[in-house]
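> File run.pdb follows (PDB, C-alpha atoms):
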```
ATOM      1  CA  MET Q   9      78.631 158.710  22.963
ATOM      2  CA  THR Q  10      79.257 157.031  26.312
ATOM      3  CA  THR Q  11      76.563 154.644  27.433
ATOM      4  CA  VAL Q  12      75.777 154.698  31.125
ATOM      5  CA  ARG Q  13      74.843 151.251  32.327
ATOM      6  CA  LYS Q  14      72.233 151.217  35.050
ATOM      7  CA  HIS Q  15      72.389 148.455  37.588
ATOM      8  CA  GLY Q  16      69.176 146.987  38.939
ATOM      9  CA  PRO Q  17      68.604 146.111  42.588
ATOM     10  CA  ASN Q  18      70.955 143.544  44.062
ATOM     11  CA  PRO Q  19      68.716 140.628  45.103
ATOM     12  CA  ARG Q  20      71.301 139.320  47.548
ATOM     13  CA  LEU Q  21      71.543 142.679  49.279
ATOM     14  CA  TRP Q  22      67.763 143.086  49.240
ATOM     15  CA  LEU Q  23      67.222 139.681  50.829
ATOM     16  CA  GLY Q  24      69.953 140.195  53.379
ATOM     17  CA  GLN Q  25      68.655 143.573  54.477
ATOM     18  CA  GLY Q  26      65.121 142.219  54.685
ATOM     19  CA  LEU Q  27      66.197 139.340  56.905
ATOM     20  CA  PHE Q  28      68.329 141.634  59.013
ATOM     21  CA  THR Q  29      65.464 144.044  59.631
ATOM     22  CA  ARG Q  30      63.119 141.215  60.602
ATOM     23  CA  VAL Q  31      65.595 139.621  62.989
ATOM     24  CA  ALA Q  32      67.365 142.647  64.454
ATOM     25  CA  GLY Q  33      64.621 145.284  64.212
ATOM     26  CA  PRO Q  34      64.720 148.884  63.005
ATOM     27  CA  ASP Q  35      67.555 149.734  65.405
ATOM     28  CA  GLY Q  36      69.599 146.699  64.376
ATOM     29  CA  ALA Q  37      72.361 148.559  62.561
ATOM     30  CA  ARG Q  38      72.873 150.964  65.459
ATOM     31  CA  ASN Q  39      72.796 148.144  68.026
ATOM     32  CA  ARG Q  40      75.288 146.102  66.004
ATOM     33  CA  ALA Q  41      77.675 149.046  65.795
ATOM     34  CA  LEU Q  42      77.505 149.474  69.567
ATOM     35  CA  ILE Q  43      77.912 145.760  70.264
ATOM     36  CA  HIS Q  44      80.859 145.168  67.954
ATOM     37  CA  GLY Q  45      82.407 148.628  67.953
ATOM     38  CA  THR Q  46      82.601 149.416  71.662
ATOM     39  CA  PRO Q  47      86.110 148.720  72.986
ATOM     40  CA  GLY Q  48      86.597 146.679  76.122
ATOM     41  CA  PRO Q  49      87.010 143.115  77.408
ATOM     42  CA  ARG Q  50      84.522 140.487  76.268
ATOM     43  CA  TRP Q  51      83.121 137.417  77.970
ATOM     44  CA  PHE Q  52      84.119 135.385  74.911
ATOM     45  CA  GLY Q  53      87.151 135.722  72.685
ATOM     46  CA  PRO Q  54      86.972 135.269  68.908
ATOM     47  CA  GLU Q  55      88.087 131.632  69.197
ATOM     48  CA  ARG Q  56      85.233 130.557  71.478
ATOM     49  CA  PRO Q  57      82.611 128.089  70.148
ATOM     50  CA  VAL Q  58      79.681 130.255  71.260
ATOM     51  CA  ARG Q  59      80.656 132.890  68.708
ATOM     52  CA  ARG Q  60      80.656 130.335  65.898
ATOM     53  CA  VAL Q  61      77.298 128.829  66.867
ATOM     54  CA  HIS Q  62      75.454 132.084  67.471
ATOM     55  CA  GLY Q  63      76.882 133.578  64.296
ATOM     56  CA  ASP Q  64      75.610 130.861  61.967
ATOM     57  CA  ALA Q  65      72.416 130.737  59.870
ATOM     58  CA  SER Q  66      71.516 127.442  61.565
ATOM     59  CA  MET Q  67      70.214 129.603  64.421
ATOM     60  CA  PHE Q  68      67.051 130.200  62.383
ATOM     61  CA  VAL Q  69      66.172 126.510  62.690
ATOM     62  CA  GLY Q  70      67.541 126.151  66.205
ATOM     63  CA  GLY Q  71      65.611 129.116  67.549
ATOM     64  CA  LEU Q  72      62.281 127.864  66.248
ATOM     65  CA  SER Q  73      62.962 124.356  67.524
ATOM     66  CA  ALA Q  74      63.877 125.786  70.939
ATOM     67  CA  LEU Q  75      60.502 127.542  71.198
ATOM     68  CA  LEU Q  76      58.690 124.282  70.490
ATOM     69  CA  LEU Q  77      60.763 122.353  73.018
ATOM     70  CA  GLN Q  78      60.466 125.027  75.722
ATOM     71  CA  SER Q  79      56.678 125.025  75.388
ATOM     72  CA  LEU Q  80      56.506 121.547  76.920
ATOM     73  CA  HIS Q  81      57.072 122.829  80.455
ATOM     74  CA  PRO Q  82      53.581 123.797  81.660
ATOM     75  CA  LEU Q  83      54.750 126.592  83.960
ATOM     76  CA  ALA Q  84      57.145 128.070  81.422
ATOM     77  CA  MET Q  85      54.465 127.912  78.722
ATOM     78  CA  ALA Q  86      51.903 129.564  80.994
ATOM     79  CA  ALA Q  87      54.313 132.441  81.610
ATOM     80  CA  VAL Q  88      54.998 132.828  77.883
ATOM     81  CA  ALA Q  89      51.304 132.701  76.968
ATOM     82  CA  ALA Q  90      50.350 135.301  79.571
ATOM     83  CA  HIS Q  91      53.276 137.700  79.459
ATOM     84  CA  SER Q  92      55.584 137.376  76.452
ATOM     85  CA  GLY Q  93      53.406 138.857  73.706
ATOM     86  CA  PHE Q  94      54.496 136.129  71.291
ATOM     87  CA  ARG Q  95      51.152 136.443  69.507
ATOM     88  CA  GLY Q  96      50.643 140.185  69.633
ATOM     89  CA  ASP Q  97      54.254 141.122  68.893
ATOM     90  CA  PRO Q  98      56.140 138.017  67.698
ATOM     91  CA  TRP Q  99      58.704 139.980  65.679
ATOM     92  CA  GLY Q 100      59.400 142.271  68.609
ATOM     93  CA  ARG Q 101      60.051 139.258  70.807
ATOM     94  CA  LEU Q 102      62.383 137.794  68.195
ATOM     95  CA  GLN Q 103      64.254 141.077  67.875
ATOM     96  CA  ARG Q 104      64.708 141.416  71.626
ATOM     97  CA  THR Q 105      65.995 137.853  71.855
ATOM     98  CA  SER Q 106      68.326 138.388  68.898
ATOM     99  CA  THR Q 107      69.744 141.552  70.431
ATOM    100  CA  PHE Q 108      70.263 139.817  73.775
ATOM    101  CA  LEU Q 109      72.138 136.925  72.144
ATOM    102  CA  ALA Q 110      74.279 139.294  70.122
ATOM    103  CA  THR Q 111      75.072 141.447  73.157
ATOM    104  CA  THR Q 112      76.054 138.593  75.453
ATOM    105  CA  THR Q 113      77.990 136.762  72.742
ATOM    106  CA  TYR Q 114      79.871 139.599  71.055
ATOM    107  CA  GLY Q 115      79.465 142.658  73.281
ATOM    108  CA  THR Q 116      81.724 143.977  75.999
ATOM    109  CA  ALA Q 117      81.570 142.384  79.435
ATOM    110  CA  GLU Q 118      79.797 145.504  80.698
ATOM    111  CA  GLN Q 119      77.199 145.363  77.925
ATOM    112  CA  ALA Q 120      76.636 141.643  78.479
ATOM    113  CA  GLN Q 121      76.171 142.020  82.220
ATOM    114  CA  ARG Q 122      73.779 144.934  81.726
ATOM    115  CA  ALA Q 123      71.702 142.883  79.277
ATOM    116  CA  CYS Q 124      71.471 140.017  81.782
ATOM    117  CA  ASP Q 125      70.522 142.401  84.590
ATOM    118  CA  GLN Q 126      67.724 143.840  82.455
ATOM    119  CA  VAL Q 127      66.346 140.374  81.710
ATOM    120  CA  ARG Q 128      66.461 139.451  85.388
ATOM    121  CA  ALA Q 129      64.521 142.605  86.257
ATOM    122  CA  VAL Q 130      61.826 141.661  83.744
ATOM    123  CA  HIS Q 131      61.657 138.114  85.128
ATOM    124  CA  GLU Q 132      61.042 139.456  88.635
ATOM    125  CA  ARG Q 133      57.811 141.072  87.427
ATOM    126  CA  VAL Q 134      56.477 138.015  85.580
ATOM    127  CA  ARG Q 135      54.333 135.828  87.814
ATOM    128  CA  GLY Q 136      50.867 134.350  87.802
ATOM    129  CA  VAL Q 137      48.754 131.223  88.088
ATOM    130  CA  THR Q 138      48.176 128.514  85.491
ATOM    131  CA  ALA Q 139      44.711 127.433  84.339
ATOM    132  CA  SER Q 140      44.964 124.531  86.792
ATOM    133  CA  GLY Q 141      45.719 126.876  89.691
ATOM    134  CA  GLU Q 142      49.478 126.307  89.965
ATOM    135  CA  PRO Q 143      51.484 129.466  90.703
ATOM    136  CA  TYR Q 144      54.559 130.349  88.680
ATOM    137  CA  ARG Q 145      57.179 133.067  88.537
ATOM    138  CA  ALA Q 146      59.661 133.588  85.724
ATOM    139  CA  SER Q 147      62.509 134.141  88.191
ATOM    140  CA  ASP Q 148      62.136 130.587  89.523
ATOM    141  CA  PRO Q 149      65.601 129.029  89.027
ATOM    142  CA  ARG Q 150      64.042 125.735  87.920
ATOM    143  CA  LEU Q 151      62.109 127.427  85.110
ATOM    144  CA  LEU Q 152      65.105 129.527  84.116
ATOM    145  CA  ALA Q 153      67.234 126.383  83.963
ATOM    146  CA  TRP Q 154      64.681 124.601  81.764
ATOM    147  CA  VAL Q 155      64.529 127.479  79.292
ATOM    148  CA  HIS Q 156      68.324 127.565  79.233
ATOM    149  CA  VAL Q 157      68.970 123.860  78.658
ATOM    150  CA  ALA Q 158      66.226 123.591  76.019
ATOM    151  CA  GLU Q 159      67.671 126.564  74.176
ATOM    152  CA  VAL Q 160      71.294 125.431  74.353
ATOM    153  CA  ASP Q 161      70.416 121.899  73.267
ATOM    154  CA  SER Q 162      68.367 123.190  70.309
ATOM    155  CA  PHE Q 163      71.022 125.664  69.157
ATOM    156  CA  LEU Q 164      73.718 123.001  69.357
ATOM    157  CA  ARG Q 165      71.624 120.381  67.545
ATOM    158  CA  ALA Q 166      70.899 122.850  64.763
ATOM    159  CA  HIS Q 167      74.526 123.859  64.399
ATOM    160  CA  GLN Q 168      75.771 120.288  64.267
ATOM    161  CA  ARG Q 169      73.259 119.452  61.530
ATOM    162  CA  TYR Q 170      73.135 122.664  59.471
ATOM    163  CA  GLY Q 171      76.107 124.775  60.570
ATOM    164  CA  LEU Q 172      78.797 125.791  58.122
ATOM    165  CA  ARG Q 173      81.517 124.351  60.361
ATOM    166  CA  PRO Q 174      80.129 121.846  62.889
ATOM    167  CA  LEU Q 175      81.934 121.667  66.211
ATOM    168  CA  SER Q 176      84.224 118.881  67.348
ATOM    169  CA  ASP Q 177      83.284 116.954  70.496
ATOM    170  CA  ALA Q 178      85.591 119.138  72.571
ATOM    171  CA  GLU Q 179      84.147 122.278  71.007
ATOM    172  CA  CYS Q 180      80.614 121.083  71.793
ATOM    173  CA  ASP Q 181      81.612 120.901  75.447
ATOM    174  CA  GLY Q 182      83.184 124.325  75.038
ATOM    175  CA  TYR Q 183      79.919 125.732  73.701
ATOM    176  CA  VAL Q 184      77.957 124.411  76.674
ATOM    177  CA  GLU Q 185      80.639 125.849  78.980
ATOM    178  CA  ASP Q 186      80.383 129.244  77.251
ATOM    179  CA  THR Q 187      76.617 129.384  77.606
ATOM    180  CA  ALA Q 188      76.938 128.520  81.293
ATOM    181  CA  ARG Q 189      78.646 131.899  81.746
ATOM    182  CA  ILE Q 190      75.509 133.611  80.477
ATOM    183  CA  ALA Q 191      73.250 131.324  82.520
ATOM    184  CA  VAL Q 192      74.978 132.210  85.784
ATOM    185  CA  ALA Q 193      74.575 135.915  85.013
ATOM    186  CA  LEU Q 194      70.845 135.286  84.504
ATOM    187  CA  GLY Q 195      70.555 133.718  87.950
ATOM    188  CA  ILE Q 196      70.643 130.040  86.992
ATOM    189  CA  PRO Q 197      72.494 127.993  89.630
ATOM    190  CA  GLY Q 198      74.780 125.166  88.512
ATOM    191  CA  PRO Q 199      74.086 125.178  84.756
ATOM    192  CA  PRO Q 200      75.455 122.252  82.708
ATOM    193  CA  ARG Q 201      79.011 122.723  81.470
ATOM    194  CA  THR Q 202      79.461 119.720  79.161
ATOM    195  CA  ARG Q 203      77.290 118.079  76.523
ATOM    196  CA  ARG Q 204      76.907 115.031  78.768
ATOM    197  CA  GLU Q 205      75.657 117.201  81.622
ATOM    198  CA  LEU Q 206      73.297 118.980  79.232
ATOM    199  CA  ALA Q 207      71.742 115.669  78.124
ATOM    200  CA  ALA Q 208      71.399 114.536  81.732
ATOM    201  CA  ARG Q 209      69.687 117.776  82.730
ATOM    202  CA  LEU Q 210      67.220 117.494  79.842
ATOM    203  CA  SER Q 211      66.398 113.912  80.856
ATOM    204  CA  ALA Q 212      65.821 115.006  84.446
ATOM    205  CA  TYR Q 213      63.076 117.396  83.288
ATOM    206  CA  ARG Q 214      61.181 114.723  81.354
ATOM    207  CA  PRO Q 215      58.698 113.826  84.136
ATOM    208  CA  GLN Q 216      57.638 117.505  84.345
ATOM    209  CA  LEU Q 217      57.037 117.975  80.617
ATOM    210  CA  ARG Q 218      53.765 117.635  78.751
ATOM    211  CA  ALA Q 219      51.870 119.314  75.959
ATOM    212  CA  THR Q 220      49.261 121.556  77.555
ATOM    213  CA  PRO Q 221      46.538 123.200  75.446
ATOM    214  CA  GLU Q 222      48.671 126.348  75.488
ATOM    215  CA  ALA Q 223      51.671 124.439  74.130
ATOM    216  CA  LEU Q 224      49.630 122.851  71.333
ATOM    217  CA  ASP Q 225      48.152 126.247  70.483
ATOM    218  CA  ALA Q 226      51.628 127.783  70.360
ATOM    219  CA  ALA Q 227      52.844 124.999  68.058
ATOM    220  CA  ARG Q 228      49.914 125.584  65.702
ATOM    221  CA  PHE Q 229      50.654 129.296  65.673
ATOM    222  CA  LEU Q 230      54.370 128.858  65.008
ATOM    223  CA  LEU Q 231      54.003 126.122  62.392
ATOM    224  CA  LEU Q 232      50.677 126.752  60.643
ATOM    225  CA  SER Q 233      49.829 130.444  60.969
ATOM    226  CA  PRO Q 234      53.101 132.357  61.400
ATOM    227  CA  PRO Q 235      53.094 136.143  61.011
ATOM    228  CA  VAL Q 236      55.122 136.153  57.791
ATOM    229  CA  PRO Q 237      54.269 137.627  54.365
ATOM    230  CA  LEU Q 238      52.768 135.294  51.786
ATOM    231  CA  VAL Q 239      55.967 135.367  49.710
ATOM    232  CA  ALA Q 240      57.929 134.062  52.704
ATOM    233  CA  ARG Q 241      55.560 131.217  53.614
ATOM    234  CA  LEU Q 242      57.392 128.547  51.622
ATOM    235  CA  PRO Q 243      60.892 129.346  52.996
ATOM    236  CA  TYR Q 244      59.434 129.615  56.485
ATOM    237  CA  GLY Q 245      57.701 126.267  55.999
ATOM    238  CA  VAL Q 246      61.054 124.680  55.217
ATOM    239  CA  LEU Q 247      62.555 126.140  58.398
ATOM    240  CA  ALA Q 248      59.531 125.023  60.424
ATOM    241  CA  ALA Q 249      59.695 121.467  59.079
ATOM    242  CA  ASN Q 250      63.361 121.289  60.010
ATOM    243  CA  ALA Q 251      62.674 122.716  63.462
ATOM    244  CA  VAL Q 252      60.273 119.823  64.008
ATOM    245  CA  SER Q 253      62.811 117.384  62.564
ATOM    246  CA  LEU Q 254      65.364 118.653  65.054
ATOM    247  CA  LEU Q 255      63.193 117.905  68.105
ATOM    248  CA  PRO Q 256      63.857 114.787  70.188
ATOM    249  CA  ASP Q 257      61.422 112.029  69.187
ATOM    250  CA  TRP Q 258      59.546 112.187  72.489
ATOM    251  CA  ALA Q 259      59.060 115.969  72.189
ATOM    252  CA  ALA Q 260      57.653 115.750  68.658
ATOM    253  CA  ALA Q 261      55.290 112.973  69.764
ATOM    254  CA  GLU Q 262      54.146 114.984  72.784
ATOM    255  CA  LEU Q 263      53.322 117.970  70.539
ATOM    256  CA  ARG Q 264      51.522 115.627  68.101
ATOM    257  CA  LEU Q 265      53.831 116.576  65.260
ATOM    258  CA  PRO Q 266      54.019 113.746  62.726
ATOM    259  CA  ARG Q 267      57.397 112.702  61.349
ATOM    260  CA  LEU Q 268      58.214 110.099  58.722
ATOM    261  CA  ALA Q 269      61.839 108.928  58.780
ATOM    262  CA  LEU Q 270      62.092 108.442  55.014
ATOM    263  CA  VAL Q 271      60.595 111.852  54.213
ATOM    264  CA  ASP Q 272      62.765 113.438  56.885
ATOM    265  CA  HIS Q 273      66.034 112.074  55.469
ATOM    266  CA  LEU Q 274      65.233 112.374  51.759
ATOM    267  CA  CYS Q 275      63.354 115.671  51.733
ATOM    268  CA  VAL Q 276      63.174 117.686  54.949
ATOM    269  CA  ARG Q 277      66.848 117.692  55.938
ATOM    270  CA  PRO Q 278      68.250 118.360  52.432
ATOM    271  CA  LEU Q 279      65.830 121.272  52.039
ATOM    272  CA  GLY Q 280      66.851 122.541  55.476
ATOM    273  CA  ALA Q 281      70.527 122.452  54.530
ATOM    274  CA  ALA Q 282      69.767 124.314  51.293
ATOM    275  CA  MET Q 283      67.645 126.928  53.080
ATOM    276  CA  THR Q 284      70.226 127.662  55.772
ATOM    277  CA  ALA Q 285      72.892 127.930  53.049
ATOM    278  CA  ALA Q 286      70.674 130.421  51.198
ATOM    279  CA  ILE Q 287      70.166 132.475  54.365
ATOM    280  CA  ARG Q 288      73.893 132.436  55.013
ATOM    281  CA  TRP Q 289      74.533 133.611  51.427
ATOM    282  CA  ALA Q 290      71.971 136.417  51.725
ATOM    283  CA  LEU Q 291      73.208 137.720  55.064
ATOM    284  CA  VAL Q 292      76.862 138.116  54.124
ATOM    285  CA  PRO Q 293      76.508 141.484  52.349
ATOM    286  CA  ALA Q 294      74.069 142.788  54.942
ATOM    287  CA  ARG Q 295      76.899 142.866  57.505
ATOM    288  CA  GLY Q 296      74.443 143.703  60.206
ATOM    289  CA  ALA Q 297      72.239 140.818  61.177
ATOM    290  CA  ALA Q 298      72.480 140.039  64.851
ATOM    291  CA  ILE Q 299      73.348 136.437  64.040
ATOM    292  CA  THR Q 300      76.242 137.427  61.768
ATOM    293  CA  PRO Q 301      79.624 137.801  63.485
ATOM    294  CA  PRO Q 302      81.977 140.629  62.530
ATOM    295  CA  GLY Q 303      84.935 140.218  60.259
TER     296      GLY Q 303
END
```
Once you've parsed the file, please lay out its structure as structure tokens.


Amino acid sequence: MTTVRKHGPNPRLWLGQGLFTRVAGPDGARNRALIHGTPGPRWFGPERPVRRVHGDASMFVGGLSALLLQSLHPLAMAAVAAHSGFRGDPWGRLQRTSTFLATTTYGTAEQAQRACDQVRAVHERVRGVTASGEPYRASDPRLLAWVHVAEVDSFLRAHQRYGLRPLSDAECDGYVEDTARIAVALGIPGPPRTRRELAARLSAYRPQLRATPEALDAARFLLLSPPVPLVARLPYGVLAANAVSLLPDWAAAELRLPRLALVDHLCVRPLGAAMTAAIRWALVPARGAAITPPG
């Protein structure tokens, strides 16, 4: 008699598909097929640093750290609090951002330009007044530039610390140059094109940055009461701790986020490296997460 051996569920596949669905949304597989499968010229060839950075699991830490850093601009935070739906639909916001990054990084030039045009149209409709009476509009080039430099700096920091293959100095400049292509399409004039220029631009924003009540509330939401299932709280906590660890010292102090150097080096960072490695391992068989490059 022949014995038929039944195979149980593949935990790696299960984890990868779960992460993919959370990050890319229910239409993720279809969107990925369109992004990677549509023929045509791309903004970035397969050798470009932006493809390596945006395709690495370190983006999970970098993305969360970017949200914390971006919140320190009062006008940008007011726009997010009033219009982004980060509380009511945080996963939807993540999925839209993930799809945008995937489209501009890996999609055809036509797809990338269309994605940028759609974002610009949304920005034109987002405007209001802060609690202190200061008007803002999301299409303001100064706000757009802040969001851009905070995001690029956070993604690059995360990749250099937790990425599978950190970039060389020249490749770091190449990454900033690549992201400038996207920034210009979003209506950002004169974006930084080297790591040195990126650091200088961040420093120039310092006098405008502070932790408003909205920023502190957002940090509490992201770090202490995230919309994740109970089973995912511990892994998320590791990512959150490393997102805080990744922040510049002044930004963590402004958000009142305590950091102990010894704990950071002996516990937080090693756990962050292990968690990003686990995410990378889980996503390989999924072959569909927006942060996973083709091939």

> Fewer than 2 positions away in the same chain doesn't count, so skip those; otherwise give me all residues within 6 Å of region 200-212 of chain Q, counting only C-alpha atoms, as number ranges by chain.

Q: 181, 184-185, 214

> What would the selection look like, as a list in words, if the PyMOL selection byres ((chain Q and resi 151-167) around 6) were run on the coordinates I just shared?

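Selected by the PyMOL selection byres ((chain Q and resi 151-167) around 6) in this file: Ser66, Gly70, Ala74, Gln78, Asp148, Pro149, Arg150, Gln168, Arg169, Tyr170, Gly171 and Ile196 of chain Q.
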
> Quick one: distance from CA of Ala282 (chain Q) to CA of Ala261 (chain Q) in Å, one decimal?

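Distance reported for this atom pair: 26.1 Å.
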
> Determine the residue membership of the PyMOL selection byres ((chain Q and resi 262-267) around 8) for the file above and supply it as a list in words.

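On the file shown, the PyMOL selection byres ((chain Q and resi 262-267) around 8) covers Leu80, Arg218, Ala219, Ala223, Leu224, Ala227, Val252, Ser253, Trp258, Ala259, Ala260, Ala261, Leu268, Ala269, Val271 and Asp272 of chain Q.
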
> Between Q:Glu55, Q:Thr107, Q:Phe68, Q:Arg40, which is the closest to Leu254 (chain Q) once you count only C-alpha atoms?

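Smallest distance to Leu254 (chain Q) is found for Q:Phe68.
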
> Out of Q:Leu172, Q:Leu72, Q:Leu270, Q:Ala129, which residue has the shortest atom-to-atom distance to Trp289 (chain Q) when counting only C-alpha atoms?

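Looking only at the distances to Trp289 (chain Q), the closest residue turns out to be Q:Leu172.
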
> If you count all atoms listed in the file, which residues fall within 10 Å of Pro82 (chain Q), apart from same-chain ones fewer than 6 positions away, as a list in words?

Val88, Thr138, Ala139, Glu142, Tyr144, Leu151, Gln216, Leu217, Arg218, Ala219, Thr220, Pro221, Glu222 and Ala223 of chain Q

> Write to file, as a PDB file, in the coordinates of the input, the residues of the selection just made, with C-alpha atoms.


```
ATOM      1  CA  VAL Q  88      54.998 132.828  77.883  1.00  0.00           C
ATOM      2  CA  THR Q 138      48.176 128.514  85.491  1.00  0.00           C
ATOM      3  CA  ALA Q 139      44.711 127.433  84.339  1.00  0.00           C
ATOM      4  CA  GLU Q 142      49.478 126.307  89.965  1.00  0.00           C
ATOM      5  CA  TYR Q 144      54.559 130.349  88.680  1.00  0.00           C
ATOM      6  CA  LEU Q 151      62.109 127.427  85.110  1.00  0.00           C
ATOM      7  CA  GLN Q 216      57.638 117.505  84.345  1.00  0.00           C
ATOM      8  CA  LEU Q 217      57.037 117.975  80.617  1.00  0.00           C
ATOM      9  CA  ARG Q 218      53.765 117.635  78.751  1.00  0.00           C
ATOM     10  CA  ALA Q 219      51.870 119.314  75.959  1.00  0.00           C
ATOM     11  CA  THR Q 220      49.261 121.556  77.555  1.00  0.00           C
ATOM     12  CA  PRO Q 221      46.538 123.200  75.446  1.00  0.00           C
ATOM     13  CA  GLU Q 222      48.671 126.348  75.488  1.00  0.00           C
ATOM     14  CA  ALA Q 223      51.671 124.439  74.130  1.00  0.00           C
TER      15      ALA Q 223
END
```

> Could you please determine the separation between CA of Pro256 (chain Q) and CA of Leu76 (chain Q) in Å, to one decimal place?

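Between CA of Pro256 (chain Q) and CA of Leu76 (chain Q) the gap is 10.8 Å.
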
> Considering only C-alpha atoms, state which residue in the set Q:Asn250, Q:Gln103, Q:Ser140, Q:Gln121 is at the smallest distance from Ala191 (chain Q).

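Comparing Q:Asn250, Q:Gln103, Q:Ser140, Q:Gln121 against Ala191 (chain Q), the winner is Q:Gln121.
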
> Report as a PDB file with C-alpha atoms, keeping the file's coordinate frame all protein, DNA and RNA residues lying within 12 Å of Phe108 (chain Q), evaluated on only C-alpha atoms, omitting residues in the same chain fewer than 3 positions from it.


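Heads up, here's the output in selection09.pdb:
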```pdb
ATOM      1  CA  VAL Q  31      65.595 139.621  62.989  1.00  0.00           C
ATOM      2  CA  ALA Q  32      67.365 142.647  64.454  1.00  0.00           C
ATOM      3  CA  GLY Q  36      69.599 146.699  64.376  1.00  0.00           C
ATOM      4  CA  ASN Q  39      72.796 148.144  68.026  1.00  0.00           C
ATOM      5  CA  ARG Q  40      75.288 146.102  66.004  1.00  0.00           C
ATOM      6  CA  ILE Q  43      77.912 145.760  70.264  1.00  0.00           C
ATOM      7  CA  HIS Q  62      75.454 132.084  67.471  1.00  0.00           C
ATOM      8  CA  ARG Q 101      60.051 139.258  70.807  1.00  0.00           C
ATOM      9  CA  LEU Q 102      62.383 137.794  68.195  1.00  0.00           C
ATOM     10  CA  GLN Q 103      64.254 141.077  67.875  1.00  0.00           C
ATOM     11  CA  ARG Q 104      64.708 141.416  71.626  1.00  0.00           C
ATOM     12  CA  THR Q 105      65.995 137.853  71.855  1.00  0.00           C
ATOM     13  CA  THR Q 111      75.072 141.447  73.157  1.00  0.00           C
ATOM     14  CA  THR Q 112      76.054 138.593  75.453  1.00  0.00           C
ATOM     15  CA  THR Q 113      77.990 136.762  72.742  1.00  0.00           C
ATOM     16  CA  TYR Q 114      79.871 139.599  71.055  1.00  0.00           C
ATOM     17  CA  GLY Q 115      79.465 142.658  73.281  1.00  0.00           C
ATOM     18  CA  GLN Q 119      77.199 145.363  77.925  1.00  0.00           C
ATOM     19  CA  ALA Q 120      76.636 141.643  78.479  1.00  0.00           C
ATOM     20  CA  GLN Q 121      76.171 142.020  82.220  1.00  0.00           C
ATOM     21  CA  ARG Q 122      73.779 144.934  81.726  1.00  0.00           C
ATOM     22  CA  ALA Q 123      71.702 142.883  79.277  1.00  0.00           C
ATOM     23  CA  CYS Q 124      71.471 140.017  81.782  1.00  0.00           C
ATOM     24  CA  ASP Q 125      70.522 142.401  84.590  1.00  0.00           C
ATOM     25  CA  GLN Q 126      67.724 143.840  82.455  1.00  0.00           C
ATOM     26  CA  VAL Q 127      66.346 140.374  81.710  1.00  0.00           C
ATOM     27  CA  ILE Q 190      75.509 133.611  80.477  1.00  0.00           C
ATOM     28  CA  LEU Q 194      70.845 135.286  84.504  1.00  0.00           C
ATOM     29  CA  ALA Q 298      72.480 140.039  64.851  1.00  0.00           C
ATOM     30  CA  ILE Q 299      73.348 136.437  64.040  1.00  0.00           C
TER      31      ILE Q 299
END
```

> From the list Q:Ser147, Q:Thr116, Q:Trp99, Q:Gly182, which residue is nearest Val236 (chain Q) when using only C-alpha atoms?

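That would be Q:Trp99, the residue with the smallest distance to Val236 (chain Q).
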
> So which one's closest to Val69 (chain Q), Q:Arg135, Q:His44, Q:Arg277, Q:His91? Using only C-alpha atoms, please.

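With only C-alpha atoms as the atom set, the closest residue is Q:Arg277.
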
> So, counting all atoms listed in the file, which residue among Q:Ala41, Q:Ala281, Q:Ala286, Q:Val61 is closest to Leu175 (chain Q)?

Q:Val61

> In Å, how far is it from CA of Leu109 (chain Q) to CA of Ser73 (chain Q)?

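Spanning CA of Leu109 (chain Q) to CA of Ser73 (chain Q) is a straight-line distance of 16.2 Å.
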
> Step by step, work through what the PyMOL selection byres ((chain Q and resi 235) around 10) selects in the shown file, and finish by giving those residues as a list in words.

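So the PyMOL selection byres ((chain Q and resi 235) around 10) ends up selecting Arg95, Gly96, Asp97, Pro98, Trp99, Phe229, Leu230, Leu232, Ser233, Pro234, Val236, Pro237, Leu238, Ala240 and Arg241 of chain Q.
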